[in-house]
Amino acid sequence: MAKKEPKPKRINRSAAANAVVAELNGKAALSELAAKADAMFVEHGGESNVKAAAHYLLRVLETAETLGSVKLIRPADVQVERIKAGK
């Protein structure tokens, strides 16, 4: 009997958003980050929904901005810039 492949560990959208923000390096648009978070969620067994991914990601980014980790620039699509430590 062939071995079954292990199922990927399930994660929620919030965990996917946190992981994408933790990997953030430099500047990025919310839409790019949402696509990455959604892909990660789908990879771990979830269903694709980029709008939901963007919602969770924006909440995580707003928290990170409050903590001084990122800077959000809001013309049309939110732009995100990682703040270097010590600034």
# chains A, B, ... in the order shown; residues from 1 in each chain; ligands from 1
$ residues_around --residues "A:Arg10" --least-positions-apart "3" --cutoff "8 Å" --atoms "only C-alpha atoms" --output "PyMOL selection string"
chain A and resi 44-46
$ residues_around --residues "A:Ala35" --least-positions-apart "3" --cutoff "9 Å" --atoms "only C-alpha atoms" --output "PyMOL selection string"
chain A and resi 30-32+38-40+50+53-54
$ select_by_dssp --residues "stretch 18-81 of chain A" --states "strand (DSSP E or B)" --output "ChimeraX atom specification"
/A:27-29,70-73,79-81
$ closest_residue --among "A:Ala37, A:Glu62, A:Ile73, A:Ile11" --to "A:Glu23" --atoms "only C-alpha atoms"
A:Ala37
$ select_by_dssp --residues "stretch 5-54 of chain A" --states "alpha helix (DSSP H)" --output "PDB file with C-alpha atoms, in the first residue's frame"
ATOM      1  CA  ARG A  13      -5.952  34.100   6.892  1.00  0.00           C
ATOM      2  CA  SER A  14      -4.613  36.077   9.839  1.00  0.00           C
ATOM      3  CA  ALA A  15      -1.567  33.799  10.139  1.00  0.00           C
ATOM      4  CA  ALA A  16      -0.945  34.068   6.390  1.00  0.00           C
ATOM      5  CA  ALA A  17      -1.139  37.887   6.599  1.00  0.00           C
ATOM      6  CA  ASN A  18       1.263  37.924   9.561  1.00  0.00           C
ATOM      7  CA  ALA A  19       3.747  35.732   7.679  1.00  0.00           C
ATOM      8  CA  VAL A  20       3.662  37.981   4.595  1.00  0.00           C
ATOM      9  CA  VAL A  21       4.234  41.122   6.688  1.00  0.00           C
ATOM     10  CA  ALA A  22       7.105  39.419   8.538  1.00  0.00           C
ATOM     11  CA  GLU A  23       8.768  38.705   5.167  1.00  0.00           C
ATOM     12  CA  LEU A  30      -1.295  46.035  -0.711  1.00  0.00           C
ATOM     13  CA  SER A  31      -2.499  44.176  -3.809  1.00  0.00           C
ATOM     14  CA  GLU A  32       0.876  42.394  -4.187  1.00  0.00           C
ATOM     15  CA  LEU A  33       0.958  41.420  -0.524  1.00  0.00           C
ATOM     16  CA  ALA A  34      -2.672  40.264  -0.611  1.00  0.00           C
ATOM     17  CA  ALA A  35      -1.896  37.998  -3.572  1.00  0.00           C
ATOM     18  CA  LYS A  36       1.021  36.466  -1.629  1.00  0.00           C
ATOM     19  CA  ALA A  37      -1.097  35.961   1.508  1.00  0.00           C
ATOM     20  CA  ASP A  38      -3.912  34.408  -0.527  1.00  0.00           C
ATOM     21  CA  ALA A  39      -1.477  32.057  -2.303  1.00  0.00           C
ATOM     22  CA  MET A  40      -0.058  30.981   1.063  1.00  0.00           C
ATOM     23  CA  PHE A  41      -3.564  30.361   2.414  1.00  0.00           C
ATOM     24  CA  VAL A  42      -4.498  28.259  -0.641  1.00  0.00           C
ATOM     25  CA  GLU A  43      -1.202  26.348  -0.394  1.00  0.00           C
ATOM     26  CA  VAL A  50      -8.007  37.858  -2.521  1.00  0.00           C
ATOM     27  CA  LYS A  51     -10.504  40.393  -1.129  1.00  0.00           C
ATOM     28  CA  ALA A  52     -10.560  38.608   2.244  1.00  0.00           C
ATOM     29  CA  ALA A  53      -6.763  38.326   2.184  1.00  0.00           C
ATOM     30  CA  ALA A  54      -6.495  42.096   1.584  1.00  0.00           C
TER      31      ALA A  54
END
$ residues_around --residues "A:Ala64" --least-positions-apart "2" --cutoff "12 Å" --atoms "only C-alpha atoms" --output "number ranges by chain"
A: 17-18, 21-22, 24, 57-62, 66-72, 80-83
